[in-house]
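start19.cif (mmCIF, C-alpha atoms and all ligand atoms) appears below.
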data_query
loop_
_atom_site.label_atom_id
_atom_site.label_comp_id
_atom_site.auth_asym_id
_atom_site.auth_seq_id
_atom_site.Cartn_x
_atom_site.Cartn_y
_atom_site.Cartn_z
CA MET A 152 13.74 -5.63 -11.03
CA ALA A 153 15.04 -2.11 -11.60
CA GLN A 154 12.18 -1.23 -13.98
CA TYR A 155 9.62 -1.34 -11.14
CA GLY A 156 11.11 1.95 -9.95
CA LYS A 157 10.43 3.66 -13.29
CA THR A 158 7.23 5.55 -14.13
CA ALA A 159 7.62 4.77 -17.85
CA TYR A 160 7.56 1.04 -17.07
CA TRP A 161 4.24 1.32 -15.21
CA ASP A 162 2.68 3.59 -17.84
CA GLU A 163 3.57 1.09 -20.55
CA ARG A 164 2.41 -1.88 -18.51
CA TYR A 165 -0.99 -0.33 -17.73
CA THR A 166 -1.42 0.78 -21.34
CA LYS A 167 -0.76 -2.76 -22.59
CA ASP A 168 -2.74 -4.49 -19.88
CA PRO A 169 -5.54 -2.47 -18.27
CA GLU A 170 -7.17 -5.52 -16.63
CA PRO A 171 -7.38 -5.35 -12.82
CA PHE A 172 -4.50 -7.08 -11.08
CA ASP A 173 -3.70 -7.48 -7.41
CA TRP A 174 -0.08 -7.90 -6.41
CA TYR A 175 0.66 -10.40 -3.63
CA GLN A 176 -2.71 -10.45 -1.90
CA ARG A 177 -6.37 -9.80 -2.63
CA TYR A 178 -8.35 -7.84 -0.07
CA SER A 179 -9.61 -11.09 1.47
CA GLY A 180 -6.03 -12.01 2.42
CA VAL A 181 -5.43 -8.85 4.46
CA ARG A 182 -9.01 -7.94 5.44
CA ASP A 183 -8.77 -9.06 9.06
CA LEU A 184 -5.46 -7.29 9.63
CA ILE A 185 -6.76 -4.09 8.07
CA ALA A 186 -9.83 -4.28 10.33
CA GLN A 187 -7.53 -4.67 13.32
CA TYR A 188 -5.82 -1.32 12.67
CA ILE A 189 -8.07 0.83 10.46
CA LYS A 190 -11.60 1.99 11.29
CA LYS A 191 -14.41 2.15 8.75
CA GLU A 192 -14.75 5.93 9.13
CA ASP A 193 -11.01 6.61 8.84
CA ASN A 194 -9.64 8.86 6.13
CA ILE A 195 -7.57 6.40 4.10
CA LEU A 196 -4.89 6.98 1.45
CA VAL A 197 -4.00 4.05 -0.81
CA ALA A 198 -0.53 4.84 -2.14
CA GLY A 199 0.62 3.18 -5.36
CA CYS A 200 -2.90 1.87 -5.99
CA GLY A 201 -2.23 0.51 -9.48
CA ASN A 202 -5.36 -1.18 -10.87
CA SER A 203 -5.85 -3.34 -7.79
CA ARG A 204 -9.39 -4.03 -6.55
CA LEU A 205 -8.31 -3.25 -2.99
CA SER A 206 -9.94 0.20 -2.83
CA GLU A 207 -13.20 -1.01 -4.36
CA ASP A 208 -13.26 -3.94 -1.92
CA LEU A 209 -12.55 -1.65 1.04
CA TYR A 210 -15.40 0.60 -0.08
CA GLU A 211 -17.80 -2.34 -0.53
CA ASP A 212 -16.83 -3.51 2.96
CA GLY A 213 -17.85 -0.17 4.51
CA TYR A 214 -14.73 1.99 4.50
CA SER A 215 -16.10 5.37 3.53
CA SER A 216 -13.23 7.66 2.55
CA ILE A 217 -10.52 6.30 0.26
CA ALA A 218 -8.13 8.54 -1.67
CA ASN A 219 -5.87 6.82 -4.18
CA ILE A 220 -2.62 7.92 -5.74
CA ASP A 221 -0.22 6.38 -8.20
CA ILE A 222 2.80 7.69 -10.07
CA SER A 223 1.35 6.38 -13.34
CA ARG A 224 -0.91 8.89 -15.08
CA VAL A 225 -2.16 6.05 -17.30
CA VAL A 226 -3.56 3.96 -14.45
CA ILE A 227 -4.99 6.99 -12.64
CA ASP A 228 -6.92 7.96 -15.80
CA GLN A 229 -8.18 4.37 -16.15
CA MET A 230 -9.27 4.16 -12.50
CA THR A 231 -10.89 7.62 -12.56
CA ASP A 232 -13.02 6.51 -15.49
CA LYS A 233 -13.79 3.05 -14.09
CA TYR A 234 -14.98 4.37 -10.72
CA LYS A 235 -16.67 7.61 -11.78
CA GLU A 236 -19.93 6.43 -10.14
CA LYS A 237 -18.19 6.04 -6.76
CA PRO A 238 -17.28 9.51 -5.47
CA ALA A 239 -15.97 8.11 -2.16
CA LEU A 240 -13.02 6.82 -4.20
CA THR A 241 -10.78 9.60 -5.50
CA TRP A 242 -7.80 9.22 -7.85
CA GLN A 243 -4.78 11.47 -8.31
CA GLN A 244 -1.47 11.09 -10.09
CA MET A 245 1.13 11.66 -7.39
CA ASN A 246 4.52 10.45 -6.17
CA VAL A 247 4.41 8.84 -2.73
CA CYS A 248 7.84 10.37 -2.12
CA SER A 249 6.44 13.88 -2.62
CA LEU A 250 2.84 13.96 -1.41
CA GLU A 251 0.69 16.99 -2.22
CA PHE A 252 -1.50 16.69 0.89
CA PRO A 253 -1.52 18.82 4.03
CA ASP A 254 0.15 17.63 7.23
CA GLU A 255 -1.85 15.16 9.32
CA SER A 256 -4.61 14.75 6.74
CA TYR A 257 -4.97 10.94 6.92
CA ASP A 258 -5.70 8.34 9.58
CA ALA A 259 -4.20 5.54 7.53
CA VAL A 260 -1.96 5.04 4.51
CA ILE A 261 -2.00 1.63 2.80
CA GLY A 262 0.83 0.60 0.49
CA LYS A 263 0.45 -2.87 -1.01
CA ALA A 264 3.60 -3.80 -2.96
CA THR A 265 4.41 -0.08 -3.21
CA MET A 266 7.42 -0.02 -0.89
CA ASP A 267 8.91 -2.90 -2.88
CA ALA A 268 8.46 -0.96 -6.14
CA VAL A 269 9.98 2.21 -4.68
CA LEU A 270 12.93 0.12 -3.48
CA CYS A 271 13.71 -0.84 -7.09
CA GLY A 272 16.00 1.22 -9.21
CA GLU A 273 18.29 4.16 -8.70
CA GLY A 274 18.32 6.12 -5.45
CA SER A 275 16.18 3.55 -3.68
CA THR A 276 17.46 4.25 -0.17
CA ALA A 277 16.89 7.99 -0.54
CA ASN A 278 13.49 7.38 -2.13
CA ILE A 279 12.32 5.11 0.70
CA ALA A 280 13.42 7.72 3.25
CA LYS A 281 11.41 10.35 1.35
CA MET A 282 8.40 8.02 1.16
CA CYS A 283 8.47 7.32 4.91
CA SER A 284 8.99 10.95 5.78
CA GLU A 285 6.10 12.04 3.55
CA VAL A 286 3.76 9.33 4.84
CA SER A 287 4.67 10.27 8.40
CA ARG A 288 3.93 13.92 7.62
CA VAL A 289 0.43 13.28 6.20
CA LEU A 290 -0.57 10.85 8.97
CA ASN A 291 -2.26 12.32 12.02
CA GLY A 292 -1.01 11.74 15.55
CA SER A 293 -2.51 8.26 15.85
CA GLY A 294 -2.09 7.37 12.18
CA VAL A 295 -1.10 4.00 10.74
CA PHE A 296 1.07 3.10 7.74
CA PHE A 297 -0.02 -0.38 6.60
CA ILE A 298 2.56 -1.97 4.30
CA VAL A 299 2.24 -5.29 2.45
CA SER A 300 5.60 -6.52 1.16
CA TYR A 301 7.50 -9.60 0.04
CA GLY A 302 10.57 -8.30 1.89
CA VAL A 303 11.72 -10.08 5.05
CA PRO A 304 12.07 -8.02 8.25
CA ASP A 305 15.88 -8.02 7.98
CA ASN A 306 15.50 -6.10 4.70
CA ARG A 307 12.65 -3.78 5.64
CA LEU A 308 12.76 -2.85 9.33
CA ASN A 309 15.96 -0.86 8.91
CA TYR A 310 14.01 1.57 6.69
CA LEU A 311 10.95 1.76 8.95
CA GLU A 312 12.41 1.81 12.45
CA ASN A 313 13.80 5.31 12.27
CA ASP A 314 13.75 7.90 15.06
CA ASP A 315 12.59 10.55 12.56
CA TYR A 316 9.17 8.88 12.27
CA ALA A 317 9.06 7.33 15.77
CA TRP A 318 6.80 4.56 14.53
CA THR A 319 6.04 1.47 16.52
CA VAL A 320 6.41 -1.25 13.89
CA THR A 321 4.51 -4.52 14.25
CA VAL A 322 5.27 -7.35 11.81
CA HIS A 323 2.58 -9.82 10.70
CA THR A 324 2.68 -12.57 8.10
CA VAL A 325 -0.07 -13.72 5.76
CA PRO A 326 0.10 -16.90 3.69
CA LYS A 327 0.75 -16.42 0.00
CA PRO A 328 -2.44 -17.18 -1.93
CA THR A 329 -0.68 -19.95 -3.84
CA VAL A 330 0.08 -21.81 -0.62
CA SER A 331 -2.49 -24.51 0.02
CA ALA A 332 -5.18 -23.48 2.49
CA THR A 333 -4.64 -26.76 4.34
CA ALA A 334 -0.88 -26.36 4.70
CA VAL A 335 0.39 -24.55 7.80
CA PRO A 336 2.44 -21.62 6.51
CA ASP A 337 5.98 -21.40 7.85
CA THR A 338 6.12 -17.79 9.09
CA LYS A 339 9.93 -17.83 8.90
CA ASP A 340 9.90 -18.92 5.26
CA ALA A 341 9.62 -15.94 2.89
CA ASN A 342 8.60 -18.39 0.15
CA SER A 343 5.28 -19.12 1.82
CA VAL A 344 4.28 -15.78 3.34
CA HIS A 345 3.97 -12.09 2.65
CA TYR A 346 4.85 -9.60 5.34
CA VAL A 347 2.62 -6.87 6.70
CA TYR A 348 4.45 -4.03 8.44
CA VAL A 349 2.13 -1.90 10.54
CA CYS A 350 3.79 1.39 11.48
CA GLN A 351 1.89 3.24 14.19
CA LYS A 352 2.32 6.80 15.31
CA GLY A 353 1.57 7.87 18.85
CA ALA A 354 1.25 5.36 21.69
CA GLY A 355 2.13 2.09 20.00
CA GLY A 356 0.21 -1.12 19.92
CA GLN A 357 -3.31 0.30 19.71
CA VAL A 358 -5.83 -1.39 17.47
CA ALA A 359 -9.14 -0.29 15.95
CA GLU A 360 -12.23 -0.87 18.12
C1 LIG B 1 3.73 -3.57 -7.61
S1 LIG B 1 2.52 -2.40 -8.09
C2 LIG B 1 1.28 -2.60 -6.83
C3 LIG B 1 -0.06 -2.10 -7.25
C4 LIG B 1 -1.18 -2.30 -6.21
N1 LIG B 1 -0.89 -1.58 -4.98
C5 LIG B 1 -1.41 -3.75 -5.91
O1 LIG B 1 -1.21 -4.17 -4.76
O2 LIG B 1 -1.81 -4.51 -6.81
C6 LIG B 1 3.33 -0.91 -7.60
C7 LIG B 1 2.53 0.35 -7.94
O3 LIG B 1 3.20 1.46 -7.34
C8 LIG B 1 3.24 2.51 -8.28
N2 LIG B 1 4.41 3.33 -7.92
C9 LIG B 1 5.72 3.06 -8.12
N3 LIG B 1 6.48 4.03 -7.63
C10 LIG B 1 5.62 4.96 -7.11
C11 LIG B 1 5.80 6.22 -6.48
N4 LIG B 1 7.02 6.72 -6.27
N5 LIG B 1 4.70 6.90 -6.08
C12 LIG B 1 3.45 6.40 -6.30
N6 LIG B 1 3.23 5.22 -6.91
C13 LIG B 1 4.29 4.51 -7.30
C14 LIG B 1 3.31 1.85 -9.64
O4 LIG B 1 2.87 2.69 -10.69
C15 LIG B 1 2.42 0.64 -9.42
O5 LIG B 1 1.09 0.93 -9.75
#
Just give me the structure of the file as structure tokens.
Amino acid sequence: MAQYGKTAYWDERYTKDPEPFDWYQRYSGVRDLIAQYIKKEDNILVAGCGNSRLSEDLYEDGYSSIANIDISRVVIDQMTDKYKEKPALTWQQMNVCSLEFPDESYDAVIGKATMDAVLCGEGSTANIAKMCSEVSRVLNGSGVFFIVSYGVPDNRLNYLENDDYAWTVTVHTVPKPTVSATAVPDTKDANSVHYVYVCQKGAGGQVAE
């Protein structure tokens, strides 16, 4: 879907449909994994936030510092207005491939369905490299890039496992919400799961206490 890589597409979509929408997973679907890697007091950046409830849900669950960026000016204006009573949530129009933050300013960057959008359209390989390089730059020495994606490891790890970022990448799966809660999800079947790629800087494999 080449249009997912275009700002004009997202501006038009959010203008036509400003109702909150969560791609792939609601917070409840990834809550335990987020808690495993990200601490409540961490400085968090949600990249490609859209009008998902993720940031609000993180805040309600005790995460105290959540910056949000999206390439769409339209959705950033909507979210700024919607959450004006919650100063812990900040909103800025920004490209995840060209972040306007200082080096090492975040403990965690969360991108839910954002990598998949950046992978759409022209120049996708170069854009993903820029995204990873920028996320790596703004993460501190023990920082975590938490990615939720529909893409199978064969199509994603080649972008993430790069010596330039020196990330330790751990792959998790979460059942798609449409899959029955009683069915056992087949973790090898991309039709029944979403993938969570946790890219850790520093000594790999550490989890939040
Ligand atoms: C598939 S939506 C996911 C929205 C939200 N994260 C969610 O999970 O519901 C992708 C979002 O990424 C944004 N986006 C696309 N390319 C971007 C870029 N280069 N920088 C920042 N945001 C981008 C789009 O505007 C859109 O809001």
For segment 342-356 of chain A, what centre and edge lengths in Å (one decimal) does the axis-aligned box get once 8 Å is added on each side of all its listed atoms, as lines of an AutoDock Vina configuration file?
center_x = 4.4
center_y = -5.6
center_z = 10.9
size_x = 24.4
size_y = 43.0
size_z = 37.5
Task: Nearest to ligand LIG 1 (chain B), chosen from A:Asp212, A:Tyr234, A:Met245, A:Leu184, with only C-alpha atoms and all ligand atoms counted in the distances - done: A:Met245
Open item on the list: So the first atom is atom N2 of ligand LIG 1 (chain B) and the second is atom CA of Gly353 of chain A; what is the distance between them in Å, to one decimal place?
Closed with: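 Interatomic distance here is 27.3 Å.
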Open item on the list: Which residue is closest to Ser256 of chain A? Choose from A:Lys235, A:Lys167, A:Lys327, A:Arg288 and count only C-alpha atoms.
Closed with: A:Arg288
Each chain A residue no farther than 7 Å from ligand LIG 1 (chain B), nearest pair in Å, only C-alpha atoms and all ligand atoms, as a tab-separated table:
residue	atom	partner	partner_atom	distance
A:Tyr155	CA	B:LIG1	C9	6.6
A:Gly156	CA	B:LIG1	N3	5.6
A:Lys157	CA	B:LIG1	N3	6.9
A:Thr158	CA	B:LIG1	O4	6.2
A:Trp161	CA	B:LIG1	O4	4.9
A:Phe172	CA	B:LIG1	O2	5.7
A:Asp173	CA	B:LIG1	O2	3.6
A:Trp174	CA	B:LIG1	O2	3.8
A:Tyr175	CA	B:LIG1	O1	6.6
A:Ala198	CA	B:LIG1	C12	6.0
A:Gly199	CA	B:LIG1	N6	3.7
A:Cys200	CA	B:LIG1	N1	4.1
A:Gly201	CA	B:LIG1	O5	3.4
A:Asn202	CA	B:LIG1	O2	6.3
A:Ser203	CA	B:LIG1	O2	4.3
A:Ile220	CA	B:LIG1	C12	6.3
A:Asp221	CA	B:LIG1	N6	3.9
A:Ile222	CA	B:LIG1	N6	4.0
A:Ser223	CA	B:LIG1	O4	4.8
A:Met245	CA	B:LIG1	C12	5.9
A:Asn246	CA	B:LIG1	N5	3.6
A:Val247	CA	B:LIG1	N5	3.9
A:Cys248	CA	B:LIG1	N4	5.6
A:Gly262	CA	B:LIG1	N1	6.1
A:Lys263	CA	B:LIG1	O1	4.3
A:Ala264	CA	B:LIG1	C1	4.7
A:Thr265	CA	B:LIG1	O3	4.6
A:Ala268	CA	B:LIG1	C9	5.3
A:Val269	CA	B:LIG1	N3	4.9
Task: Selected residue of minimal separation from Asp228 of chain A among A:Asp162, A:Val295, A:Glu192, A:Met282, counting all atoms listed in the file - done: A:Asp162
TODO: Pick out the closest residue to Val325 of chain A from this set: A:Asn291, A:Thr166, A:Ser343, A:Gln187. Count all atoms listed in the file.
DONE: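 Counting all atoms listed in the file, the residue closest to Val325 of chain A is A:Ser343.
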Can you tell me, as an mmCIF file with C-alpha atoms, in the frame of the given file, what residues are no more than 7 Å from segment 311-324 of chain A when counting all atoms listed in the file, ignoring any on the same chain fewer than 6 positions away?
data_model
loop_
_atom_site.group_PDB
_atom_site.id
_atom_site.type_symbol
_atom_site.label_atom_id
_atom_site.label_comp_id
_atom_site.auth_asym_id
_atom_site.auth_seq_id
_atom_site.Cartn_x
_atom_site.Cartn_y
_atom_site.Cartn_z
ATOM 1 C CA SER A 284 8.990 10.950 5.780
ATOM 2 C CA SER A 287 4.670 10.270 8.400
ATOM 3 C CA THR A 338 6.120 -17.790 9.090
ATOM 4 C CA VAL A 344 4.280 -15.780 3.340
ATOM 5 C CA HIS A 345 3.970 -12.090 2.650
ATOM 6 C CA TYR A 346 4.850 -9.600 5.340
ATOM 7 C CA VAL A 347 2.620 -6.870 6.700
ATOM 8 C CA TYR A 348 4.450 -4.030 8.440
ATOM 9 C CA VAL A 349 2.130 -1.900 10.540
ATOM 10 C CA CYS A 350 3.790 1.390 11.480
ATOM 11 C CA GLN A 351 1.890 3.240 14.190
ATOM 12 C CA LYS A 352 2.320 6.800 15.310
ATOM 13 C CA GLY A 355 2.130 2.090 20.000
#
- [ ] Provide the atom CA of Ser215 of chain A to atom CA of Ile195 of chain A distance in Å, to one decimal place.
- [x] 8.6 Å
Task: One-decimal distance in Å that lies between atom CA of Cys283 of chain A and atom CA of Val225 of chain A - done: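 Interatomic distance here is 24.7 Å.
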Open item on the list: What's around Val289 of chain A at 10 Å? Count all atoms listed in the file, leave out sequence neighbours fewer than 6 positions away in its own chain, and write the answer as a ChimeraX atom specification.
Closed with: /A:196,250-260
Take the residues from that selection and put them in a file with C-alpha atoms, as an mmCIF file, in the frame of the given file.
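For reference, part01.cif as written:
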data_model
loop_
_atom_site.group_PDB
_atom_site.id
_atom_site.type_symbol
_atom_site.label_atom_id
_atom_site.label_comp_id
_atom_site.auth_asym_id
_atom_site.auth_seq_id
_atom_site.Cartn_x
_atom_site.Cartn_y
_atom_site.Cartn_z
ATOM 1 C CA LEU A 196 -4.890 6.980 1.450
ATOM 2 C CA LEU A 250 2.840 13.960 -1.410
ATOM 3 C CA GLU A 251 0.690 16.990 -2.220
ATOM 4 C CA PHE A 252 -1.500 16.690 0.890
ATOM 5 C CA PRO A 253 -1.520 18.820 4.030
ATOM 6 C CA ASP A 254 0.150 17.630 7.230
ATOM 7 C CA GLU A 255 -1.850 15.160 9.320
ATOM 8 C CA SER A 256 -4.610 14.750 6.740
ATOM 9 C CA TYR A 257 -4.970 10.940 6.920
ATOM 10 C CA ASP A 258 -5.700 8.340 9.580
ATOM 11 C CA ALA A 259 -4.200 5.540 7.530
ATOM 12 C CA VAL A 260 -1.960 5.040 4.510
#
Open item on the list: Counting all atoms listed in the file, which residue out of A:Pro238, A:Pro169, A:Pro304, A:Gly294 sits closest to Tyr188 of chain A?
Closed with: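 Once distances to Tyr188 of chain A are computed over all atoms listed in the file, the minimum belongs to A:Gly294.
Considering the residues A:Leu270, A:Ile279, A:Ile217, A:Val303 and counting only C-alpha atoms, Gln154 of chain A has its shortest atom-to-atom contact with A:Leu270.
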